[in-house]
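**Q** Have a look at this one before I ask anything.
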Amino acid sequence: MVQVGIVGASGFTGAELLRLCAAHPDLEVGLATGDTQAGRRAADLYPSLAGAYPELVLSAYDPADVAGLDLVFLGLPHGASQAVVPELLGKVGHVVDLAADFRLQDADLYPQWYGEAHTTPELLSRFAYGLPELFRAEILASDHVATPGCYPTAAALPLAPLVRGGLVEPEGIVVDAASGVSGAGRPAKPTTTFCAVDEDFTAYGLLDHRHTPEMEQVLGASVLFTPHLAPMNRGILATCYARATRPTSTTEVLDRLRDAYASEPFVVVTDVSPSTKATLGSNCAQVTARFDERTGWVVAIGAIDNLTKGASGAAVQCANLLLGLPETAGLPTVGVYP
């Protein structure tokens, strides 16, 4: 069995990693840390984990504890991974970071979009961007991975084949996306309590959301991104608009998506509009596209589970590639319904 550690296992992405690792034929969790919940059983914090981890106790992070692990997942808030990664390199085989700390290739973007300079810019080049459907070769050539943000995953999968294929203009792409509340993390916030979210739908991060430069990096395009908070636990629906470069058709843009993802186990191209419910608990993304002859715009839509394909599922998918395991190992392709 491959020994893995989860640093930051007390958050939602950490709990999702524990769920996925429990069903994985080759991964065994040898360490699970959670500084704010140290000494507490994972099953007490998340009763859904009791069947697989009845005695697992979360520990405080200690760099000495990770030595010799085959792979470490980092489920930490943004900024924290920059302090931890230098301690891990050379002590563990691989690092898969779920935060944004090593996603952007240009260190100068961090002060603008994250409000602080990157503390280890010399390490950015050692991390591949962890969206296998678009960057598999880079992941296979690397030892470490920075998994994408959930919004960029939901937007890039329906858009990238159209941009790369020259079917849409790379300038002025508009991404409107709505996320479930779990995307805000486990700690309660005034804007994410039940009373604040229930029966409400709001836009936030207007013009300056942190995932904007990540989308632009992945697509090689300029993007106007507006995220929304939806009254649901999990899921992201991204509706994206791009100007067609020439007269085209819905058949052509759909065929471009089908060609791009014909061999991808975790992308489903649909004739109908995707829904978040269809992806719940699954590592699959569902995508579609339409061409509007009246306006000359292409509409591309993507749906994912923000905690699975948008975070922990993508992390396990990348871990499988780094470890030489089957890419689909331990990852569900069927969602939970109803």
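So you can find residues: chains in the structure tokens are A, B, ... in the order shown, residues in each start at 1, and ligands are numbered from 1 in order.
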Could you give me, as a Markdown table, every region 164-265 of chain A residue with an atom at most 8 Å from region 302-306 of chain A, plus its closest atom pair and distance in Å to one decimal, counting only C-alpha atoms, rows ordered by chain then number?
**A**
| residue | atom | partner | partner_atom | distance |
| --- | --- | --- | --- | --- |
| A:Ser179 | CA | A:Asn306 | CA | 7.4 |
| A:Gly180 | CA | A:Asn306 | CA | 7.6 |
| A:Ser182 | CA | A:Asn306 | CA | 8.0 |
| A:Gly183 | CA | A:Asn306 | CA | 6.7 |
| A:Arg234 | CA | A:Asp305 | CA | 6.0 |
| A:Gly235 | CA | A:Asp305 | CA | 4.2 |
| A:Ile236 | CA | A:Ile304 | CA | 5.4 |
| A:Leu237 | CA | A:Ala303 | CA | 4.5 |
| A:Ala238 | CA | A:Gly302 | CA | 5.2 |
| A:Thr239 | CA | A:Gly302 | CA | 6.8 |
**Q** Just to be explicit: take each residue in the selection above, keep N, CA and C atoms, and write the result as a short mmCIF file (atom, residue, chain, number, x, y, z; two decimals), in the first residue's frame.
**A**
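Output below, filename again-v7.cif:
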data_model
loop_
_atom_site.label_atom_id
_atom_site.label_comp_id
_atom_site.auth_asym_id
_atom_site.auth_seq_id
_atom_site.Cartn_x
_atom_site.Cartn_y
_atom_site.Cartn_z
N SER A 179 -21.60 28.59 -6.98
CA SER A 179 -21.03 27.53 -6.16
C SER A 179 -21.89 27.25 -4.95
N GLY A 180 -21.83 26.00 -4.50
CA GLY A 180 -22.42 25.64 -3.23
C GLY A 180 -21.61 26.21 -2.07
N SER A 182 -20.21 24.93 0.52
CA SER A 182 -19.02 24.24 1.01
C SER A 182 -17.74 24.80 0.42
N GLY A 183 -17.85 25.50 -0.70
CA GLY A 183 -16.68 26.13 -1.29
C GLY A 183 -16.07 27.21 -0.41
N ARG A 234 -23.13 21.51 -2.19
CA ARG A 234 -22.01 21.21 -3.07
C ARG A 234 -22.41 21.47 -4.52
N GLY A 235 -21.39 21.71 -5.33
CA GLY A 235 -21.61 21.84 -6.76
C GLY A 235 -21.22 23.19 -7.31
N ILE A 236 -20.82 23.21 -8.57
CA ILE A 236 -20.55 24.45 -9.30
C ILE A 236 -21.14 24.32 -10.70
N LEU A 237 -21.83 25.36 -11.12
CA LEU A 237 -22.30 25.47 -12.50
C LEU A 237 -21.69 26.73 -13.09
N ALA A 238 -20.89 26.55 -14.15
CA ALA A 238 -20.25 27.68 -14.82
C ALA A 238 -20.87 27.87 -16.19
N THR A 239 -21.43 29.04 -16.43
CA THR A 239 -21.98 29.40 -17.73
C THR A 239 -21.05 30.44 -18.35
#
**Q** Determine, using only C-alpha atoms, which residues of region 159-272 of chain A have any atom at most 12 Å from an atom of region 88-106 of chain A, and tabulate each with its shortest atom pair and distance in Å to one decimal place, rows ordered by chain and then rising number, as JSON lines.
**A**
{"residue": "A:Gly185", "atom": "CA", "partner": "A:Ala99", "partner_atom": "CA", "distance": 11.9}
{"residue": "A:Arg210", "atom": "CA", "partner": "A:Ala100", "partner_atom": "CA", "distance": 9.0}
{"residue": "A:His211", "atom": "CA", "partner": "A:Ala100", "partner_atom": "CA", "distance": 8.8}
{"residue": "A:Thr212", "atom": "CA", "partner": "A:Leu104", "partner_atom": "CA", "distance": 10.8}
{"residue": "A:Pro213", "atom": "CA", "partner": "A:Leu104", "partner_atom": "CA", "distance": 7.7}
{"residue": "A:Glu214", "atom": "CA", "partner": "A:Leu104", "partner_atom": "CA", "distance": 6.4}
{"residue": "A:Met215", "atom": "CA", "partner": "A:Leu104", "partner_atom": "CA", "distance": 9.9}
{"residue": "A:Glu216", "atom": "CA", "partner": "A:Leu104", "partner_atom": "CA", "distance": 10.1}
{"residue": "A:Gln217", "atom": "CA", "partner": "A:Leu104", "partner_atom": "CA", "distance": 7.5}
{"residue": "A:Val218", "atom": "CA", "partner": "A:Leu104", "partner_atom": "CA", "distance": 9.5}
**Q** Taking the chain letters and numbering used in this document, name the residues of region 179-303 of chain A that DSSP puts in strand (DSSP E or B), as a ChimeraX atom specification.
**A** /A:179,202-203,223-229,236-244,267-269,285-292,297-303
**Q** Would you mind listing what lies within 12 Å of Phe194 (chain A) as a PyMOL selection string, with only C-alpha atoms counted and same-chain residues fewer than 5 positions away left out?
**A** chain A and resi 181-182+188-189+199-200+230-233
**Q** Write the residues of the selection above to a file with C-alpha atoms, as a PDB file, in the first residue's frame.
**A**
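That gives us result00.pdb:
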ATOM      1  CA  VAL A 181     -21.612  26.911   0.251  1.00  0.00           C
ATOM      2  CA  SER A 182     -19.022  24.235   1.010  1.00  0.00           C
ATOM      3  CA  ALA A 188     -18.700  29.535   9.789  1.00  0.00           C
ATOM      4  CA  LYS A 189     -18.784  33.042   8.335  1.00  0.00           C
ATOM      5  CA  GLU A 199     -33.541  31.408  -0.028  1.00  0.00           C
ATOM      6  CA  ASP A 200     -30.816  33.708  -1.365  1.00  0.00           C
ATOM      7  CA  ALA A 230     -26.053  29.378  -4.335  1.00  0.00           C
ATOM      8  CA  PRO A 231     -28.135  27.884  -1.487  1.00  0.00           C
ATOM      9  CA  MET A 232     -26.818  24.330  -1.894  1.00  0.00           C
ATOM     10  CA  ASN A 233     -24.130  22.317  -0.139  1.00  0.00           C
TER      11      ASN A 233
END
**Q** Would you list the contacts of Thr202 (chain A) as a list in words, taking every protein, DNA or RNA residue within 9 Å and counting only C-alpha atoms, but skipping same-chain residues closer than 6 positions in sequence?
**A**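 Listed by chain and then number, they are Ala178, Pro227, His228, Leu229 and Ala230 of chain A.
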**Q** Write out as a tab-separated table (two decimals) with N, CA, C and O atoms, in the first residue's frame the residues lying within 10 Å of region 70-83 of chain A, counting only C-alpha atoms and excluding same-chain residues fewer than 5 positions away.
**A**
chain	number	residue	atom	x	y	z
A	1	MET	N	0.83	-1.20	0.00
A	1	MET	CA	0.00	0.00	0.00
A	1	MET	C	0.87	1.26	0.00
A	1	MET	O	1.93	1.30	0.62
A	2	VAL	N	0.39	2.28	-0.69
A	2	VAL	CA	1.07	3.57	-0.73
A	2	VAL	C	0.67	4.36	0.51
A	2	VAL	O	-0.51	4.55	0.80
A	3	GLN	N	1.66	4.84	1.26
A	3	GLN	CA	1.40	5.59	2.46
A	3	GLN	C	1.28	7.09	2.14
A	3	GLN	O	2.21	7.69	1.59
A	4	VAL	N	0.12	7.66	2.48
A	4	VAL	CA	-0.11	9.07	2.21
A	4	VAL	C	-0.45	9.80	3.51
A	4	VAL	O	-0.93	9.20	4.47
A	5	GLY	N	-0.18	11.08	3.50
A	5	GLY	CA	-0.56	11.94	4.61
A	5	GLY	C	-1.49	13.03	4.12
A	5	GLY	O	-1.42	13.44	2.96
A	6	ILE	N	-2.38	13.48	5.00
A	6	ILE	CA	-3.27	14.59	4.69
A	6	ILE	C	-3.02	15.67	5.73
A	6	ILE	O	-3.35	15.51	6.92
A	7	VAL	N	-2.38	16.73	5.32
A	7	VAL	CA	-2.11	17.86	6.20
A	7	VAL	C	-3.25	18.86	6.00
A	7	VAL	O	-3.40	19.43	4.92
A	8	GLY	N	-4.04	19.06	7.04
A	8	GLY	CA	-5.25	19.87	6.92
A	8	GLY	C	-6.46	18.99	6.68
A	8	GLY	O	-7.32	19.30	5.86
A	9	ALA	N	-6.54	17.89	7.42
A	9	ALA	CA	-7.62	16.92	7.21
A	9	ALA	C	-8.93	17.31	7.89
A	9	ALA	O	-9.94	16.63	7.70
A	10	SER	N	-8.94	18.38	8.67
A	10	SER	CA	-10.16	18.74	9.39
A	10	SER	C	-11.13	19.58	8.58
A	10	SER	O	-12.29	19.74	8.96
A	11	GLY	N	-10.68	20.11	7.44
A	11	GLY	CA	-11.56	20.91	6.59
A	11	GLY	C	-12.38	20.05	5.65
A	11	GLY	O	-12.24	18.82	5.61
A	12	PHE	N	-13.24	20.68	4.87
A	12	PHE	CA	-14.10	19.93	3.95
A	12	PHE	C	-13.29	19.17	2.90
A	12	PHE	O	-13.61	18.03	2.57
A	13	THR	N	-12.25	19.79	2.35
A	13	THR	CA	-11.45	19.07	1.36
A	13	THR	C	-10.69	17.92	2.01
A	13	THR	O	-10.50	16.87	1.40
A	14	GLY	N	-10.27	18.10	3.26
A	14	GLY	CA	-9.61	17.02	3.98
A	14	GLY	C	-10.54	15.86	4.23
A	14	GLY	O	-10.17	14.69	4.06
A	15	ALA	N	-11.77	16.16	4.63
A	15	ALA	CA	-12.76	15.10	4.84
A	15	ALA	C	-13.07	14.38	3.54
A	15	ALA	O	-13.24	13.15	3.52
A	17	LEU	N	-10.97	14.04	1.04
A	17	LEU	CA	-9.81	13.21	0.78
A	17	LEU	C	-9.87	11.91	1.58
A	17	LEU	O	-9.56	10.83	1.06
A	27	LEU	N	-4.16	3.40	-1.72
A	27	LEU	CA	-3.74	4.47	-0.80
A	27	LEU	C	-4.15	4.15	0.62
A	27	LEU	O	-5.29	3.78	0.89
A	29	VAL	N	-4.01	5.96	4.47
A	29	VAL	CA	-3.74	7.20	5.19
A	29	VAL	C	-2.90	6.89	6.42
A	29	VAL	O	-3.35	6.24	7.37
A	30	GLY	N	-1.65	7.34	6.39
A	30	GLY	CA	-0.75	7.12	7.51
A	30	GLY	C	-0.67	8.29	8.46
A	30	GLY	O	-0.14	8.16	9.58
A	31	LEU	N	-1.19	9.45	8.04
A	31	LEU	CA	-1.13	10.65	8.86
A	31	LEU	C	-2.25	11.58	8.46
A	31	LEU	O	-2.49	11.80	7.27
A	32	ALA	N	-2.97	12.12	9.43
A	32	ALA	CA	-4.02	13.11	9.18
A	32	ALA	C	-3.91	14.19	10.24
A	32	ALA	O	-4.10	13.91	11.42
A	33	THR	N	-3.58	15.40	9.81
A	33	THR	CA	-3.41	16.49	10.76
A	33	THR	C	-4.54	17.50	10.65
A	33	THR	O	-5.17	17.64	9.60
A	34	GLY	N	-4.76	18.18	11.73
A	34	GLY	CA	-5.75	19.26	11.77
A	34	GLY	C	-5.50	20.07	13.02
A	34	GLY	O	-6.00	19.72	14.10
A	88	LEU	N	8.66	19.87	3.31
A	88	LEU	CA	8.28	18.55	2.79
A	88	LEU	C	9.19	18.06	1.68
A	88	LEU	O	9.47	16.86	1.59
A	91	LYS	N	11.67	15.15	1.89
A	91	LYS	CA	11.26	14.22	2.96
A	91	LYS	C	10.18	13.25	2.50
A	91	LYS	O	10.03	12.17	3.07
A	92	VAL	N	9.40	13.67	1.49
A	92	VAL	CA	8.31	12.83	0.98
A	92	VAL	C	8.49	12.68	-0.53
A	92	VAL	O	9.18	13.49	-1.17
A	93	GLY	N	7.82	11.67	-1.07
A	93	GLY	CA	7.98	11.43	-2.50
A	93	GLY	C	7.33	12.49	-3.35
A	93	GLY	O	7.92	12.98	-4.32
A	94	HIS	N	6.09	12.85	-3.01
A	94	HIS	CA	5.32	13.78	-3.82
A	94	HIS	C	4.46	14.66	-2.92
A	94	HIS	O	4.04	14.24	-1.84
A	95	VAL	N	4.19	15.87	-3.41
A	95	VAL	CA	3.28	16.80	-2.73
A	95	VAL	C	2.17	17.16	-3.70
A	95	VAL	O	2.43	17.51	-4.87
A	96	VAL	N	0.92	17.08	-3.23
A	96	VAL	CA	-0.23	17.54	-3.99
A	96	VAL	C	-0.91	18.62	-3.15
A	96	VAL	O	-1.47	18.32	-2.09
A	97	ASP	N	-0.82	19.86	-3.60
A	97	ASP	CA	-1.34	21.00	-2.85
A	97	ASP	C	-2.71	21.39	-3.40
A	97	ASP	O	-2.86	21.65	-4.59
A	98	LEU	N	-3.71	21.43	-2.52
A	98	LEU	CA	-5.06	21.78	-2.93
A	98	LEU	C	-5.32	23.28	-2.87
A	98	LEU	O	-6.36	23.75	-3.31
A	99	ALA	N	-4.39	24.05	-2.32
A	99	ALA	CA	-4.57	25.50	-2.21
A	99	ALA	C	-4.04	26.19	-3.46
A	99	ALA	O	-3.59	25.54	-4.41
A	100	ALA	N	-4.08	27.51	-3.45
A	100	ALA	CA	-3.67	28.29	-4.63
A	100	ALA	C	-2.19	28.66	-4.61
A	100	ALA	O	-1.71	29.31	-5.54
A	101	ASP	N	-1.47	28.20	-3.60
A	101	ASP	CA	-0.11	28.69	-3.38
A	101	ASP	C	0.86	28.44	-4.53
A	101	ASP	O	1.82	29.19	-4.72
A	102	PHE	N	0.65	27.37	-5.30
A	102	PHE	CA	1.59	27.03	-6.36
A	102	PHE	C	0.90	26.86	-7.71
A	102	PHE	O	1.45	26.24	-8.62
A	114	TYR	N	-3.88	38.09	-4.42
A	114	TYR	CA	-3.96	37.47	-3.10
A	114	TYR	C	-3.49	38.38	-1.97
A	114	TYR	O	-3.52	38.00	-0.82
A	116	GLU	N	-0.61	39.53	-1.05
A	116	GLU	CA	0.70	39.37	-0.42
A	116	GLU	C	1.66	38.70	-1.40
A	116	GLU	O	1.25	37.94	-2.28
A	117	ALA	N	2.93	39.00	-1.21
A	117	ALA	CA	3.95	38.41	-2.08
A	117	ALA	C	4.12	36.93	-1.77
A	117	ALA	O	3.91	36.48	-0.64
A	118	HIS	N	4.48	36.18	-2.78
A	118	HIS	CA	4.77	34.76	-2.61
A	118	HIS	C	6.10	34.61	-1.88
A	118	HIS	O	7.09	35.24	-2.24
A	119	THR	N	6.13	33.77	-0.86
A	119	THR	CA	7.33	33.65	-0.03
A	119	THR	C	8.35	32.68	-0.60
A	119	THR	O	9.53	32.72	-0.23
A	120	THR	N	7.93	31.80	-1.52
A	120	THR	CA	8.87	30.84	-2.11
A	120	THR	C	8.69	30.78	-3.62
A	120	THR	O	8.38	29.72	-4.18
A	121	PRO	N	8.86	31.88	-4.32
A	121	PRO	CA	8.63	31.90	-5.77
A	121	PRO	C	9.54	30.95	-6.53
A	121	PRO	O	9.18	30.50	-7.63
A	123	LEU	N	10.01	27.99	-6.00
A	123	LEU	CA	9.44	26.65	-6.02
A	123	LEU	C	8.25	26.52	-6.97
A	123	LEU	O	7.75	25.41	-7.19
A	124	LEU	N	7.77	27.63	-7.53
A	124	LEU	CA	6.59	27.57	-8.39
A	124	LEU	C	6.79	26.64	-9.58
A	124	LEU	O	5.88	25.90	-9.97
A	143	ASP	N	7.10	16.01	-10.15
A	143	ASP	CA	6.99	15.27	-8.89
A	143	ASP	C	5.89	15.82	-7.99
A	143	ASP	O	5.46	15.15	-7.05
A	144	HIS	N	5.48	17.06	-8.26
A	144	HIS	CA	4.54	17.73	-7.37
A	144	HIS	C	3.46	18.43	-8.20
A	144	HIS	O	3.71	18.84	-9.34
A	145	VAL	N	2.29	18.59	-7.59
A	145	VAL	CA	1.14	19.13	-8.33
A	145	VAL	C	0.41	20.16	-7.48
A	145	VAL	O	0.24	19.98	-6.26
A	146	ALA	N	-0.03	21.23	-8.12
A	146	ALA	CA	-0.97	22.18	-7.52
A	146	ALA	C	-2.31	21.96	-8.19
A	146	ALA	O	-2.44	22.18	-9.40
A	185	GLY	N	-15.54	26.78	2.74
A	185	GLY	CA	-14.81	26.14	3.83
A	185	GLY	C	-15.67	25.81	5.03
A	185	GLY	O	-16.83	26.23	5.12
A	311	ALA	N	-11.73	19.69	-6.30
A	311	ALA	CA	-10.73	19.77	-5.23
A	311	ALA	C	-10.12	18.40	-4.96
A	311	ALA	O	-9.13	18.01	-5.57
A	312	SER	N	-10.72	17.63	-4.04
A	312	SER	CA	-10.09	16.41	-3.54
A	312	SER	C	-10.06	15.30	-4.57
A	312	SER	O	-9.10	14.51	-4.61
A	315	ALA	N	-7.27	16.00	-6.78
A	315	ALA	CA	-6.02	15.73	-6.08
A	315	ALA	C	-5.67	14.24	-6.12
A	315	ALA	O	-4.52	13.86	-6.35
A	316	VAL	N	-6.67	13.39	-5.91
A	316	VAL	CA	-6.43	11.95	-5.98
A	316	VAL	C	-6.12	11.53	-7.42
A	316	VAL	O	-5.25	10.69	-7.65
A	319	ALA	N	-2.63	12.40	-7.89
A	319	ALA	CA	-1.79	11.49	-7.10
A	319	ALA	C	-1.62	10.16	-7.81
A	319	ALA	O	-0.52	9.58	-7.83
A	322	LEU	N	1.01	10.66	-10.44
A	322	LEU	CA	2.35	10.79	-9.87
A	322	LEU	C	2.90	9.46	-9.39
A	322	LEU	O	4.11	9.20	-9.47
A	323	LEU	N	2.02	8.61	-8.87
A	323	LEU	CA	2.44	7.34	-8.27
A	323	LEU	C	2.47	6.19	-9.26
A	323	LEU	O	2.81	5.06	-8.90
**Q** Quick one: everything within 10 Å of Leu321 (chain A), counting only C-alpha atoms, minus sequence neighbours fewer than 2 positions away in the same chain. Send it as a PyMOL selection string.
**A** chain A and resi 132+136-137+139-143+315-319+323-329
**Q** With all heavy atoms retained, could you export that selection as a compact mmCIF listing (two decimals), in the first residue's frame?
**A**
# COMPACT_ATOMS: atom_id res chain seq x y z
N PRO A 132 -5.62 17.15 -15.24
CA PRO A 132 -5.07 16.15 -16.17
C PRO A 132 -5.64 16.21 -17.57
O PRO A 132 -4.92 15.95 -18.54
CB PRO A 132 -5.43 14.82 -15.49
CG PRO A 132 -5.52 15.15 -14.04
CD PRO A 132 -6.10 16.53 -14.00
N ARG A 136 -1.96 16.76 -18.71
CA ARG A 136 -1.49 15.45 -18.25
C ARG A 136 0.01 15.27 -18.45
O ARG A 136 0.71 14.74 -17.58
CB ARG A 136 -2.26 14.34 -18.96
CG ARG A 136 -1.94 12.93 -18.45
CD ARG A 136 -2.85 11.87 -19.03
NE ARG A 136 -4.18 11.92 -18.45
CZ ARG A 136 -5.27 12.38 -19.06
NH1 ARG A 136 -5.18 12.83 -20.31
NH2 ARG A 136 -6.43 12.38 -18.46
N ALA A 137 0.53 15.69 -19.57
CA ALA A 137 1.96 15.51 -19.85
C ALA A 137 2.81 16.25 -18.82
O ALA A 137 3.84 15.72 -18.36
CB ALA A 137 2.29 15.99 -21.26
N ILE A 139 1.97 16.97 -15.73
CA ILE A 139 1.85 16.28 -14.44
C ILE A 139 2.77 15.05 -14.42
O ILE A 139 3.49 14.81 -13.44
CB ILE A 139 0.39 15.86 -14.19
CG1 ILE A 139 -0.49 17.10 -14.04
CG2 ILE A 139 0.27 14.98 -12.94
CD1 ILE A 139 -1.98 16.81 -14.07
N LEU A 140 2.76 14.28 -15.49
CA LEU A 140 3.58 13.08 -15.56
C LEU A 140 5.07 13.40 -15.52
O LEU A 140 5.89 12.56 -15.12
CB LEU A 140 3.24 12.29 -16.82
CG LEU A 140 1.87 11.60 -16.82
CD1 LEU A 140 1.55 11.05 -18.20
CD2 LEU A 140 1.81 10.50 -15.77
N ALA A 141 5.43 14.60 -15.94
CA ALA A 141 6.84 14.99 -15.95
C ALA A 141 7.27 15.65 -14.65
O ALA A 141 8.44 16.03 -14.51
CB ALA A 141 7.10 15.94 -17.13
N SER A 142 6.36 15.78 -13.70
CA SER A 142 6.64 16.49 -12.46
C SER A 142 6.56 15.55 -11.27
O SER A 142 6.02 14.44 -11.35
CB SER A 142 5.65 17.64 -12.29
OG SER A 142 5.91 18.36 -11.10
N ASP A 143 7.10 16.01 -10.15
CA ASP A 143 6.99 15.27 -8.89
C ASP A 143 5.89 15.82 -7.99
O ASP A 143 5.46 15.15 -7.05
CB ASP A 143 8.31 15.31 -8.11
CG ASP A 143 9.38 14.44 -8.76
OD1 ASP A 143 9.02 13.38 -9.32
OD2 ASP A 143 10.56 14.84 -8.71
N ALA A 315 -7.27 16.00 -6.78
CA ALA A 315 -6.02 15.73 -6.08
C ALA A 315 -5.67 14.24 -6.12
O ALA A 315 -4.52 13.86 -6.35
CB ALA A 315 -6.12 16.21 -4.63
N VAL A 316 -6.67 13.39 -5.91
CA VAL A 316 -6.43 11.95 -5.98
C VAL A 316 -6.12 11.53 -7.42
O VAL A 316 -5.25 10.69 -7.65
CB VAL A 316 -7.64 11.17 -5.42
CG1 VAL A 316 -7.49 9.67 -5.67
CG2 VAL A 316 -7.79 11.44 -3.92
N GLN A 317 -6.81 12.10 -8.38
CA GLN A 317 -6.54 11.81 -9.79
C GLN A 317 -5.08 12.13 -10.12
O GLN A 317 -4.39 11.33 -10.78
CB GLN A 317 -7.49 12.61 -10.68
CG GLN A 317 -7.43 12.27 -12.15
CD GLN A 317 -8.44 13.08 -12.97
OE1 GLN A 317 -9.32 13.76 -12.42
NE2 GLN A 317 -8.32 13.03 -14.28
N CYS A 318 -4.60 13.27 -9.65
CA CYS A 318 -3.21 13.65 -9.89
C CYS A 318 -2.25 12.75 -9.11
O CYS A 318 -1.18 12.40 -9.61
CB CYS A 318 -2.99 15.11 -9.52
SG CYS A 318 -3.80 16.29 -10.62
N ALA A 319 -2.63 12.40 -7.89
CA ALA A 319 -1.79 11.49 -7.10
C ALA A 319 -1.62 10.16 -7.81
O ALA A 319 -0.52 9.58 -7.83
CB ALA A 319 -2.41 11.29 -5.71
N LEU A 323 2.02 8.61 -8.87
CA LEU A 323 2.44 7.34 -8.27
C LEU A 323 2.47 6.19 -9.26
O LEU A 323 2.81 5.06 -8.90
CB LEU A 323 1.49 7.00 -7.11
CG LEU A 323 1.52 7.96 -5.93
CD1 LEU A 323 0.31 7.73 -5.02
CD2 LEU A 323 2.82 7.80 -5.13
N GLY A 324 2.11 6.44 -10.51
CA GLY A 324 2.08 5.39 -11.51
C GLY A 324 0.94 4.42 -11.35
O GLY A 324 1.00 3.28 -11.84
N LEU A 325 -0.14 4.84 -10.71
CA LEU A 325 -1.33 4.02 -10.51
C LEU A 325 -2.34 4.30 -11.62
O LEU A 325 -2.24 5.33 -12.30
CB LEU A 325 -1.95 4.33 -9.15
CG LEU A 325 -1.06 4.12 -7.93
CD1 LEU A 325 -1.76 4.63 -6.67
CD2 LEU A 325 -0.67 2.66 -7.77
N PRO A 326 -3.32 3.43 -11.83
CA PRO A 326 -4.38 3.76 -12.78
C PRO A 326 -5.03 5.09 -12.42
O PRO A 326 -5.38 5.32 -11.25
CB PRO A 326 -5.36 2.59 -12.63
CG PRO A 326 -4.52 1.46 -12.13
CD PRO A 326 -3.49 2.08 -11.24
N GLU A 327 -5.19 5.96 -13.40
CA GLU A 327 -5.68 7.32 -13.12
C GLU A 327 -7.06 7.32 -12.48
O GLU A 327 -7.40 8.22 -11.71
CB GLU A 327 -5.70 8.12 -14.41
CG GLU A 327 -6.02 9.59 -14.24
CD GLU A 327 -5.87 10.38 -15.52
OE1 GLU A 327 -5.11 9.94 -16.42
OE2 GLU A 327 -6.51 11.44 -15.64
N THR A 328 -7.86 6.31 -12.76
CA THR A 328 -9.23 6.27 -12.25
C THR A 328 -9.35 5.60 -10.88
O THR A 328 -10.44 5.55 -10.32
CB THR A 328 -10.13 5.51 -13.24
OG1 THR A 328 -9.59 4.18 -13.42
CG2 THR A 328 -10.20 6.22 -14.58
N ALA A 329 -8.25 5.08 -10.35
CA ALA A 329 -8.32 4.29 -9.11
C ALA A 329 -8.94 5.08 -7.97
O ALA A 329 -8.53 6.21 -7.67
CB ALA A 329 -6.93 3.81 -8.72
**Q** Among region 72-204 of chain A, which ones does DSSP place in helix (DSSP H, G or I), written as JSON, numbers by chain?
**A** {"A": [80, 81, 82, 83, 84, 85, 86, 87, 88, 109, 110, 111, 112, 113, 114, 121, 122, 123, 124, 125, 126, 132, 133, 134, 135, 136, 137, 138, 139, 140, 150, 151, 152, 153, 154, 155, 156, 157, 158, 159, 160, 161, 162, 163, 164, 181, 182, 183, 184, 194, 195, 196, 197]}
**Q** Residues as selected, C-alpha atoms, written as a tab-separated table (two decimals), in the first residue's frame, can you do that?
**A**
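So the final result, stored in part-v7.tsv, reads:
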chain	number	residue	atom	x	y	z
A	80	ALA	CA	-0.16	28.18	4.61
A	81	SER	CA	1.28	25.80	2.01
A	82	GLN	CA	4.12	28.19	1.24
A	83	ALA	CA	5.46	27.64	4.75
A	84	VAL	CA	4.97	23.87	4.70
A	85	VAL	CA	6.19	22.87	1.24
A	86	PRO	CA	9.89	23.70	1.83
A	87	GLU	CA	9.77	21.37	4.86
A	88	LEU	CA	8.28	18.55	2.79
A	109	LEU	CA	0.34	37.95	-9.70
A	110	TYR	CA	0.13	36.95	-6.05
A	111	PRO	CA	0.36	40.47	-4.55
A	112	GLN	CA	-2.30	41.73	-6.95
A	113	TRP	CA	-4.81	38.92	-6.52
A	114	TYR	CA	-3.96	37.47	-3.10
A	121	PRO	CA	8.63	31.90	-5.77
A	122	GLU	CA	11.60	29.72	-6.66
A	123	LEU	CA	9.44	26.65	-6.02
A	124	LEU	CA	6.59	27.57	-8.39
A	125	SER	CA	8.22	25.85	-11.36
A	126	ARG	CA	8.40	22.56	-9.46
A	132	PRO	CA	-5.07	16.15	-16.17
A	133	GLU	CA	-7.53	16.58	-19.02
A	134	LEU	CA	-5.55	19.62	-20.17
A	135	PHE	CA	-2.09	19.19	-18.63
A	136	ARG	CA	-1.49	15.45	-18.25
A	137	ALA	CA	1.96	15.51	-19.85
A	138	GLU	CA	3.14	18.22	-17.46
A	139	ILE	CA	1.85	16.28	-14.44
A	140	LEU	CA	3.58	13.08	-15.56
A	150	CYS	CA	-12.98	24.68	-8.34
A	151	TYR	CA	-14.22	27.60	-10.44
A	152	PRO	CA	-11.34	27.37	-12.95
A	153	THR	CA	-12.00	23.65	-13.38
A	154	ALA	CA	-15.70	24.19	-14.08
A	155	ALA	CA	-14.95	26.95	-16.59
A	156	ALA	CA	-11.80	25.62	-18.26
A	157	LEU	CA	-13.15	22.19	-19.17
A	158	PRO	CA	-15.96	23.49	-21.43
A	159	LEU	CA	-13.95	26.45	-22.73
A	160	ALA	CA	-10.40	25.19	-23.32
A	161	PRO	CA	-11.09	22.99	-26.37
A	162	LEU	CA	-12.96	25.86	-28.00
A	163	VAL	CA	-10.18	28.38	-27.32
A	164	ARG	CA	-7.41	25.97	-28.34
A	181	VAL	CA	-21.61	26.91	0.25
A	182	SER	CA	-19.02	24.24	1.01
A	183	GLY	CA	-16.68	26.13	-1.29
A	184	ALA	CA	-16.31	28.72	1.47
A	194	PHE	CA	-27.95	28.93	7.05
A	195	CYS	CA	-30.00	32.09	7.58
A	196	ALA	CA	-27.72	34.10	5.30
A	197	VAL	CA	-27.67	31.57	2.47
**Q** For Ala300 (chain A), which of A:Gly281, A:Pro274, A:Pro265, A:Gly313 is the closest residue, counting only C-alpha atoms?
**A** A:Pro274
**Q** Residues at most 12 Å from Arg246 (chain A), counting only C-alpha atoms, excluding those fewer than 4 positions away in the same chain, as a PyMOL selection string?
**A** chain A and resi 166-169+242+252-253+291-293+295-298
**Q** Between A:Gly115, A:Pro47, A:Gly68, A:Gly220, which one has atoms that come closest to Glu171 (chain A), using only C-alpha atoms?
**A** A:Gly220
